[in-house]
>>> print(open('query_33.txt').read())   # compact mmCIF, C-alpha atoms
# COMPACT_ATOMS: atom_id res chain seq x y z
CA MET A 1 181.09 106.29 83.93
CA THR A 2 177.53 106.65 85.14
CA TYR A 3 176.12 109.80 86.71
CA ALA A 4 173.00 109.67 88.85
CA PHE A 5 170.22 112.22 88.54
CA PRO A 6 166.85 112.69 90.29
CA PRO A 7 164.52 109.87 89.21
CA GLY A 8 161.30 111.89 89.20
CA GLY A 9 158.03 109.97 89.18
CA LEU A 10 156.14 109.16 92.36
CA PRO A 11 156.24 106.07 94.61
CA ASP A 12 153.10 103.94 94.44
CA GLN A 13 150.54 103.68 97.23
CA SER A 14 152.19 100.58 98.71
CA ALA A 15 155.34 102.51 99.70
CA ASN A 16 156.01 103.17 103.37
CA PRO A 17 156.07 106.97 103.80
CA GLU A 18 158.54 106.70 106.69
CA GLY A 19 161.75 107.13 104.74
CA THR A 20 165.39 107.98 105.37
CA ALA A 21 165.29 111.73 104.71
CA VAL A 22 166.87 113.72 107.54
CA PHE A 23 167.12 117.42 108.34
CA THR A 24 169.11 118.44 111.41
CA PRO A 25 170.86 121.64 112.55
CA ALA A 26 174.14 120.17 111.23
CA TYR A 27 173.21 118.30 108.03
CA ALA A 28 170.44 117.17 105.73
CA VAL A 29 170.01 114.02 103.63
CA LEU A 30 167.65 114.05 100.63
CA PRO A 31 167.39 110.45 99.38
CA ALA A 32 166.77 109.92 95.67
CA ILE A 33 163.21 108.74 96.38
CA THR A 34 162.34 112.22 97.72
CA GLN A 35 163.36 113.81 94.39
CA ALA A 36 159.94 113.19 92.85
CA ASP A 37 157.89 115.04 90.26
CA ILE A 38 155.88 116.94 92.87
CA VAL A 39 158.90 118.83 94.24
CA THR A 40 160.16 120.24 90.93
CA SER A 41 160.23 123.95 90.08
CA LEU A 42 160.17 125.93 86.85
CA LEU A 43 162.11 129.12 86.09
CA PRO A 44 160.98 132.19 84.14
CA GLY A 45 162.85 132.65 80.86
CA TRP A 46 163.34 128.93 80.28
CA ARG A 47 161.66 126.53 77.85
CA ASN A 48 160.93 122.82 78.34
CA MET A 49 162.70 122.59 81.69
CA ARG A 50 162.11 121.59 85.26
CA MET A 51 164.50 121.39 88.18
CA TRP A 52 164.98 120.07 91.67
CA ILE A 53 166.31 122.67 94.12
CA LEU A 54 168.49 120.56 96.38
CA ALA A 55 170.13 123.35 98.39
CA ARG A 56 169.65 127.07 98.89
CA PRO A 57 171.19 129.49 101.39
CA LEU A 58 169.55 129.22 104.81
CA SER A 59 170.42 131.47 107.74
CA GLY A 60 172.15 129.47 110.44
CA PHE A 61 172.73 126.51 108.14
CA ALA A 62 174.69 126.39 104.85
CA GLU A 63 174.71 129.96 103.53
CA THR A 64 177.06 130.20 100.54
CA PHE A 65 175.52 128.25 97.64
CA SER A 66 172.53 126.85 95.83
CA GLN A 67 172.45 123.52 94.02
CA TYR A 68 169.99 122.46 91.32
CA ALA A 69 169.40 119.37 89.21
CA VAL A 70 168.01 120.57 85.88
CA GLU A 71 166.15 118.51 83.28
CA LEU A 72 165.90 119.94 79.76
CA LEU A 73 163.59 118.23 77.28
CA ALA A 74 164.29 118.42 73.54
CA GLY A 75 164.43 122.08 72.52
CA GLY A 76 164.67 123.19 76.12
CA GLY A 77 166.97 125.85 77.52
CA SER A 78 167.42 129.55 78.09
CA ASP A 79 169.15 132.56 76.54
CA ALA A 80 169.35 134.20 79.98
CA PRO A 81 169.82 131.42 82.56
CA GLU A 82 171.43 133.53 85.30
CA VAL A 83 169.61 136.48 86.91
CA ASP A 84 172.32 137.45 89.44
CA GLU A 85 175.32 139.18 87.85
CA GLU A 86 177.43 138.39 90.93
CA ALA A 87 176.79 134.64 90.67
CA GLN A 88 179.29 132.17 89.30
CA SER A 89 178.23 128.71 88.16
CA VAL A 90 179.46 125.18 87.66
CA ILE A 91 177.54 122.91 85.30
CA PHE A 92 178.11 119.14 85.28
CA VAL A 93 176.28 116.98 82.72
CA ALA A 94 174.73 113.74 83.93
CA SER A 95 173.09 112.58 80.68
CA GLY A 96 172.24 113.83 77.20
CA THR A 97 174.03 116.65 75.42
CA LEU A 98 174.07 120.37 76.18
CA THR A 99 174.93 123.22 73.84
CA LEU A 100 176.58 125.83 76.05
CA ASN A 101 177.58 129.25 74.73
CA ILE A 102 179.85 131.39 76.93
CA ASP A 103 180.65 134.90 75.73
CA GLY A 104 180.19 133.86 72.10
CA SER A 105 182.08 130.54 72.26
CA THR A 106 179.93 127.44 71.72
CA HIS A 107 180.65 124.10 73.42
CA GLN A 108 178.99 120.69 73.23
CA LEU A 109 178.92 118.96 76.62
CA ALA A 110 178.33 115.20 76.84
CA PRO A 111 177.91 113.17 80.06
CA GLY A 112 180.82 114.03 82.36
CA GLY A 113 181.13 117.47 80.77
CA TYR A 114 182.06 120.27 83.17
CA ALA A 115 181.91 124.04 82.75
CA TYR A 116 182.91 126.91 85.03
CA ILE A 117 181.11 130.20 84.30
CA PRO A 118 182.39 133.37 86.03
CA PRO A 119 180.15 136.12 87.38
CA ASP A 120 178.87 138.85 85.05
CA THR A 121 179.14 136.54 82.02
CA VAL A 122 176.80 136.27 79.05
CA TRP A 123 175.89 132.63 78.53
CA THR A 124 173.14 130.43 77.14
CA VAL A 125 172.30 126.76 77.49
CA TRP A 126 170.12 124.62 75.19
CA ASN A 127 169.31 120.99 74.50
CA ASP A 128 169.49 120.62 70.73
CA GLY A 129 169.10 116.84 70.83
CA ASP A 130 166.05 114.57 70.74
CA ALA A 131 166.53 113.08 74.24
CA ALA A 132 166.39 114.83 77.60
CA ALA A 133 169.59 116.46 78.84
CA ASN A 134 170.16 116.42 82.60
CA PHE A 135 172.74 118.49 84.45
CA HIS A 136 173.77 119.57 87.94
CA TRP A 137 174.05 123.33 88.45
CA ILE A 138 175.88 124.87 91.42
CA ARG A 139 175.77 128.64 92.01
CA LYS A 140 177.68 130.86 94.41
CA ARG A 141 178.12 134.62 94.62
CA TYR A 142 181.73 135.38 93.82
CA VAL A 143 183.82 137.06 96.53
CA PRO A 144 186.50 139.31 94.97
CA ALA A 145 189.92 139.56 96.60
CA GLU A 146 192.25 142.56 96.37
CA GLY A 147 195.07 141.96 93.93
CA VAL A 148 193.51 138.76 92.57
CA GLU A 149 191.87 138.77 89.15
CA ALA A 150 188.55 137.04 88.60
CA PRO A 151 188.75 133.51 87.17
CA SER A 152 188.14 132.82 83.50
CA ALA A 153 185.49 130.54 82.04
CA PHE A 154 186.56 127.04 81.04
CA VAL A 155 184.99 123.86 79.72
CA THR A 156 186.37 120.35 80.20
CA SER A 157 185.25 116.79 80.93
CA GLU A 158 185.88 114.31 83.70
CA LYS A 159 187.58 111.98 81.22
CA ASP A 160 190.18 114.67 80.52
CA VAL A 161 191.14 115.31 84.16
CA ALA A 162 193.33 112.75 85.93
CA PRO A 163 192.25 111.98 89.52
CA THR A 164 194.69 112.84 92.30
CA GLU A 165 195.24 110.04 94.79
CA MET A 166 194.99 111.11 98.41
CA PRO A 167 198.10 110.44 100.52
CA ASP A 168 198.64 107.21 102.46
CA CYS A 169 195.52 105.44 101.13
CA ASN A 170 196.92 102.87 98.65
CA GLY A 171 194.95 104.42 95.79
CA VAL A 172 191.47 103.69 97.15
CA TRP A 173 190.61 107.40 97.65
CA ALA A 174 191.07 109.95 94.86
CA THR A 175 189.78 113.41 93.95
CA THR A 176 189.19 114.71 90.43
CA ARG A 177 190.04 118.40 90.77
CA PHE A 178 188.81 120.63 87.97
CA VAL A 179 190.55 123.69 89.49
CA GLU A 180 194.07 123.78 90.87
CA PRO A 181 193.76 124.18 94.68
CA THR A 182 196.47 126.89 94.73
CA ASP A 183 194.61 129.05 92.19
CA LEU A 184 193.41 131.83 94.49
CA ARG A 185 191.17 133.31 91.82
CA HIS A 186 188.63 130.64 92.71
CA ASP A 187 186.56 130.88 95.90
CA MET A 188 184.76 127.58 95.38
CA HIS A 189 185.69 124.09 94.24
CA VAL A 190 183.38 121.54 92.65
CA ASN A 191 185.20 118.21 92.44
CA ILE A 192 184.42 114.51 92.06
CA VAL A 193 185.52 112.28 94.92
CA THR A 194 185.96 108.53 94.29
CA PHE A 195 186.38 105.68 96.78
CA GLN A 196 187.05 102.15 95.69
CA PRO A 197 185.00 99.49 97.56
CA GLY A 198 186.17 99.44 101.16
CA GLY A 199 187.90 102.80 100.88
CA ARG A 200 187.22 105.34 103.58
CA ILE A 201 187.78 108.78 105.02
CA PRO A 202 189.77 107.56 108.03
CA PHE A 203 188.86 110.40 110.41
CA ALA A 204 185.89 112.65 111.06
CA GLU A 205 186.63 115.71 108.92
CA THR A 206 185.57 118.84 110.80
CA HIS A 207 186.14 122.10 108.95
CA VAL A 208 184.77 125.49 107.96
CA MET A 209 183.78 124.55 104.39
CA GLU A 210 180.12 123.96 103.59
CA HIS A 211 179.30 120.99 101.38
CA GLY A 212 176.83 119.75 98.85
CA LEU A 213 177.46 116.06 98.03
CA TYR A 214 175.46 114.45 95.22
CA VAL A 215 176.11 110.70 95.00
CA LEU A 216 176.84 109.89 91.35
CA GLN A 217 177.50 106.16 91.73
CA GLY A 218 177.84 103.39 94.30
CA SER A 219 176.99 103.26 97.98
CA ALA A 220 178.53 104.01 101.36
CA ASP A 221 177.97 104.30 105.05
CA TYR A 222 178.42 108.01 105.77
CA LEU A 223 179.11 109.60 109.13
CA LEU A 224 177.31 112.93 109.54
CA ASN A 225 177.83 114.62 112.89
CA LYS A 226 177.29 111.62 115.22
CA ASP A 227 175.01 109.61 112.91
CA TRP A 228 175.85 106.89 110.39
CA VAL A 229 173.55 106.95 107.35
CA THR A 230 173.49 104.64 104.33
CA VAL A 231 173.57 106.49 101.01
CA GLY A 232 173.48 105.45 97.36
CA ALA A 233 173.27 106.79 93.83
CA GLY A 234 171.04 109.86 93.55
CA ASP A 235 171.11 110.71 97.25
CA PHE A 236 172.10 114.25 98.25
CA MET A 237 173.85 115.34 101.44
CA TRP A 238 173.94 118.96 102.56
CA LEU A 239 176.39 119.97 105.31
CA ARG A 240 176.82 123.19 107.21
CA ALA A 241 180.25 124.36 108.33
CA PHE A 242 182.02 122.23 110.96
CA CYS A 243 179.70 119.20 110.63
CA PRO A 244 181.93 116.15 111.30
CA GLN A 245 181.96 113.73 108.35
CA ALA A 246 183.55 110.49 107.21
CA CYS A 247 182.57 107.52 105.04
CA ILE A 248 183.22 103.87 104.25
CA ALA A 249 182.48 102.75 100.67
CA THR A 250 180.31 99.64 100.46
CA GLY A 251 179.23 97.33 97.65
CA ASP A 252 181.18 96.21 94.58
CA ALA A 253 181.26 99.47 92.59
CA PRO A 254 183.21 102.66 93.28
CA PHE A 255 181.46 105.20 95.48
CA ARG A 256 181.57 108.59 93.74
CA TYR A 257 180.06 111.98 94.50
CA LEU A 258 180.04 115.54 93.16
CA LEU A 259 181.37 117.79 95.94
CA TYR A 260 180.95 121.54 96.46
CA LYS A 261 182.99 123.52 99.00
CA ASP A 262 183.78 127.20 99.60
CA VAL A 263 187.51 128.04 99.83
CA ASN A 264 190.26 130.65 99.69
CA ARG A 265 188.62 133.69 101.30
CA HIS A 266 188.54 135.45 104.67
CA ALA A 267 185.75 134.57 107.06
CA LEU A 268 183.26 137.45 107.09
CA LEU A 269 183.12 139.37 110.37
>>> encode(input="query_33.txt", output="structure tokens")
Amino acid sequence: MTYAFPPGGLPDQSANPEGTAVFTPAYAVLPAITQADIVTSLLPGWRNMRMWILARPLSGFAETFSQYAVELLAGGGSDAPEVDEEAQSVIFVASGTLTLNIDGSTHQLAPGGYAYIPPDTVWTVWNDGDAAANFHWIRKRYVPAEGVEAPSAFVTSEKDVAPTEMPDCNGVWATTRFVEPTDLRHDMHVNIVTFQPGGRIPFAETHVMEHGLYVLQGSADYLLNKDWVTVGAGDFMWLRAFCPQACIATGDAPFRYLLYKDVNRHALL
């Protein structure tokens, strides 16, 4: 498996500045080329890190989550990565190796490694290797529900989770679900969606869930609201609630993306 990550760098002076980035009231597209060195941020309390903030709550747009792509150089990391005790996190490793400690338990995460970290949890993350370690980090404030206990931390890997084929699609569309959909402890899902070449979402999904979609591999034509856009590895799509969406996988390789959505709670009034 390969897992895309922001390329960094900067296009040379021959590049046409008119690109394919889009921001609309319904969706945004941040192509990989826009994820350059000059848009990175640093965080207090971290060492040898930089990150791309791909999504953050915006009033009237997507309001439930933030999504980062974090690069840790050798020796980089933090003993206090989270500053919001109500925030839960998902970490997904794109390259390199992370040493993740959650409430005293230490885990080594290789590419494809996945961790869920509940709110109000003591955790640390470090790169103890010689090469850079790159990971995707999705954060959401947890919404408690009466009579439902908070979820527990867990660590796994994509290679250890069997994809679930979607119905009536002859196996060309599958979802790797790291959390059981009926587990009401969880109020967000972060999955990997895979389409074989030519596979598609055969209708314009229109629903309350917000989305962050980071393309890990392959290419597709993606319907966002009324617009078809061409996306590939490293591109990020950001959708507010009820934005119609569909896709058709193109090229010879599977089209795969990391997908965030909010689930399993009342709509706030």
>>> atom_distance(input="query_33.txt", atom1="atom CA of A:Gln217", atom2="atom CA of A:Val190")
16.5 Å
>>> atom_distance(input="query_33.txt", atom1="atom CA of A:Pro111", atom2="atom CA of A:Asp252")
22.6 Å
>>> closest_residue(input="query_33.txt", among="A:Asp120, A:Glu158, A:Glu205, A:Asp79", to="A:Pro44", atoms="all atoms listed in the file")
A:Asp79
>>> closest_residue(input="query_33.txt", among="A:Gln67, A:Thr194, A:Thr121, A:Gln13", to="A:Gly104", atoms="all atoms listed in the file")
A:Thr121
>>> residues_around(input="query_33.txt", residues="A:His189", least_positions_apart="5", cutoff="12 Å", atoms="all atoms listed in the file", output="ChimeraX atom specification")
/A:65,88-90,116,138-140,142,175-184,209-212,258-264
>>> residues_around(input="query_33.txt", residues="A:Trp173", least_positions_apart="2", cutoff="12 Å", atoms="only C-alpha atoms", output="PyMOL selection string")
chain A and resi 163-171+175-176+192-202+247-249+254-257
>>> residues_near_point(input="query_33.txt", point="(177.6, 120.4, 82.4)", cutoff="10 Å", atoms="only C-alpha atoms", output="PyMOL selection string")
chain A and resi 90-100+108-116+125+133-137+155-157
>>> closest_residue(input="query_33.txt", among="A:Met51, A:Ala131, A:Asp187, A:Ala62", to="A:Pro118", atoms="all atoms listed in the file")
A:Asp187
>>> residues_around(input="query_33.txt", residues="stretch 38-41 of chain A", least_positions_apart="2", cutoff="8 Å", atoms="only C-alpha atoms", output="tab-separated table (two decimals) with C-alpha atoms, in the coordinates of the input")
chain	number	residue	atom	x	y	z
A	10	LEU	CA	156.14	109.16	92.36
A	35	GLN	CA	163.36	113.81	94.39
A	36	ALA	CA	159.94	113.19	92.85
A	43	LEU	CA	162.11	129.12	86.09
A	50	ARG	CA	162.11	121.59	85.26
A	51	MET	CA	164.50	121.39	88.18
A	52	TRP	CA	164.98	120.07	91.67
A	53	ILE	CA	166.31	122.67	94.12
>>> atom_distance(input="query_33.txt", atom1="atom CA of A:Ala26", atom2="atom CA of A:Ala246")
14.1 Å
>>> closest_residue(input="query_33.txt", among="A:Arg47, A:Tyr214, A:Leu239, A:Pro17", to="A:Tyr68", atoms="all atoms listed in the file")
A:Tyr214
>>> residues_near_point(input="query_33.txt", point="(175.1, 109.2, 88.0)", cutoff="6 Å", atoms="only C-alpha atoms", output="PyMOL selection string")
chain A and resi 2-5+216-217
>>> closest_residue(input="query_33.txt", among="A:Pro119, A:Pro244, A:Pro31, A:Pro81", to="A:Leu224", atoms="all atoms listed in the file")
A:Pro244
>>> closest_residue(input="query_33.txt", among="A:Asn48, A:Ser78, A:Ser105, A:Thr20", to="A:Met237", atoms="all atoms listed in the file")
A:Thr20
>>> residues_around(input="query_33.txt", residues="A:Gln245", least_positions_apart="5", cutoff="8 Å", atoms="only C-alpha atoms", output="JSON, numbers by chain")
{"A": [203, 204, 205, 206, 222, 223, 224, 225]}
>>> decode(input="query_33.txt", residues="stretch 146-171 of chain A", atoms="N, CA, C and O atoms", output="CSV table (one decimal), in the first residue's frame")
chain,number,residue,atom,x,y,z
A,146,GLU,N,-26.1,10.2,27.0
A,146,GLU,CA,-26.6,9.6,28.2
A,146,GLU,C,-26.7,8.1,28.1
A,146,GLU,O,-27.2,7.5,27.1
A,147,GLY,N,-26.1,7.4,29.1
A,147,GLY,CA,-26.2,5.9,29.1
A,147,GLY,C,-25.2,5.2,28.2
A,147,GLY,O,-25.2,4.0,28.1
A,148,VAL,N,-24.3,6.0,27.6
A,148,VAL,CA,-23.3,5.4,26.6
A,148,VAL,C,-21.9,5.8,27.2
A,148,VAL,O,-21.6,6.9,27.4
A,149,GLU,N,-21.1,4.8,27.5
A,149,GLU,CA,-19.8,5.0,28.0
A,149,GLU,C,-18.9,5.6,26.9
A,149,GLU,O,-19.1,5.4,25.7
A,150,ALA,N,-17.8,6.3,27.3
A,150,ALA,CA,-16.9,6.8,26.3
A,150,ALA,C,-16.1,5.7,25.7
A,150,ALA,O,-15.9,4.6,26.3
A,151,PRO,N,-15.7,5.8,24.4
A,151,PRO,CA,-14.9,4.8,23.8
A,151,PRO,C,-13.5,4.6,24.4
A,151,PRO,O,-13.0,5.6,25.0
A,152,SER,N,-12.9,3.5,24.2
A,152,SER,CA,-11.6,3.2,24.7
A,152,SER,C,-10.6,3.4,23.6
A,152,SER,O,-10.9,3.3,22.4
A,153,ALA,N,-9.3,3.7,24.0
A,153,ALA,CA,-8.3,3.8,23.0
A,153,ALA,C,-8.0,2.5,22.3
A,153,ALA,O,-8.2,1.4,23.0
A,154,PHE,N,-7.6,2.5,21.1
A,154,PHE,CA,-7.1,1.3,20.4
A,154,PHE,C,-6.1,1.6,19.3
A,154,PHE,O,-6.1,2.7,18.8
A,155,VAL,N,-5.3,0.7,19.0
A,155,VAL,CA,-4.3,0.8,18.0
A,155,VAL,C,-4.4,-0.4,17.1
A,155,VAL,O,-4.5,-1.6,17.5
A,156,THR,N,-4.3,-0.2,15.7
A,156,THR,CA,-4.4,-1.3,14.8
A,156,THR,C,-3.7,-0.8,13.5
A,156,THR,O,-2.9,0.1,13.5
A,157,SER,N,-3.9,-1.5,12.4
A,157,SER,CA,-3.3,-1.2,11.2
A,157,SER,C,-4.2,-1.6,10.0
A,157,SER,O,-5.0,-2.5,10.2
A,158,GLU,N,-4.1,-0.9,8.9
A,158,GLU,CA,-5.0,-1.2,7.8
A,158,GLU,C,-4.9,-2.7,7.4
A,158,GLU,O,-5.8,-3.3,7.0
A,159,LYS,N,-3.6,-3.2,7.5
A,159,LYS,CA,-3.4,-4.6,7.0
A,159,LYS,C,-4.2,-5.6,7.9
A,159,LYS,O,-4.3,-6.8,7.5
A,160,ASP,N,-4.6,-5.2,9.1
A,160,ASP,CA,-5.2,-6.1,10.0
A,160,ASP,C,-6.7,-5.9,10.0
A,160,ASP,O,-7.4,-6.6,10.8
A,161,VAL,N,-7.3,-5.1,9.1
A,161,VAL,CA,-8.7,-4.9,9.1
A,161,VAL,C,-9.2,-5.2,7.7
A,161,VAL,O,-8.8,-4.6,6.7
A,162,ALA,N,-10.1,-6.2,7.6
A,162,ALA,CA,-10.6,-6.6,6.3
A,162,ALA,C,-11.6,-5.6,5.8
A,162,ALA,O,-12.5,-5.2,6.5
A,163,PRO,N,-11.5,-5.2,4.5
A,163,PRO,CA,-12.4,-4.2,3.9
A,163,PRO,C,-13.8,-4.9,3.8
A,163,PRO,O,-13.9,-6.1,3.6
A,164,THR,N,-14.8,-4.1,3.9
A,164,THR,CA,-16.2,-4.5,3.7
A,164,THR,C,-16.7,-4.1,2.4
A,164,THR,O,-16.7,-2.9,2.1
A,165,GLU,N,-17.1,-5.1,1.5
A,165,GLU,CA,-17.6,-4.7,0.2
A,165,GLU,C,-19.0,-4.1,0.4
A,165,GLU,O,-19.8,-4.5,1.1
A,166,MET,N,-19.2,-3.0,-0.4
A,166,MET,CA,-20.5,-2.3,-0.4
A,166,MET,C,-21.5,-3.2,-1.2
A,166,MET,O,-21.1,-4.0,-2.1
A,167,PRO,N,-22.8,-3.1,-0.9
A,167,PRO,CA,-23.7,-4.0,-1.6
A,167,PRO,C,-23.9,-3.7,-3.1
A,167,PRO,O,-23.8,-2.5,-3.5
A,168,ASP,N,-24.2,-4.7,-3.8
A,168,ASP,CA,-24.6,-4.6,-5.2
A,168,ASP,C,-23.5,-3.9,-6.1
A,168,ASP,O,-23.9,-3.1,-7.0
A,169,CYS,N,-22.2,-4.1,-5.8
A,169,CYS,CA,-21.2,-3.4,-6.6
A,169,CYS,C,-20.1,-4.3,-7.2
A,169,CYS,O,-19.1,-3.8,-7.6
A,170,ASN,N,-20.3,-5.6,-7.1
A,170,ASN,CA,-19.4,-6.6,-7.7
A,170,ASN,C,-18.0,-6.4,-7.1
A,170,ASN,O,-17.0,-6.7,-7.8
A,171,GLY,N,-17.9,-6.0,-5.9
A,171,GLY,CA,-16.5,-5.9,-5.3
A,171,GLY,C,-15.7,-4.7,-5.7
A,171,GLY,O,-14.5,-4.7,-5.2
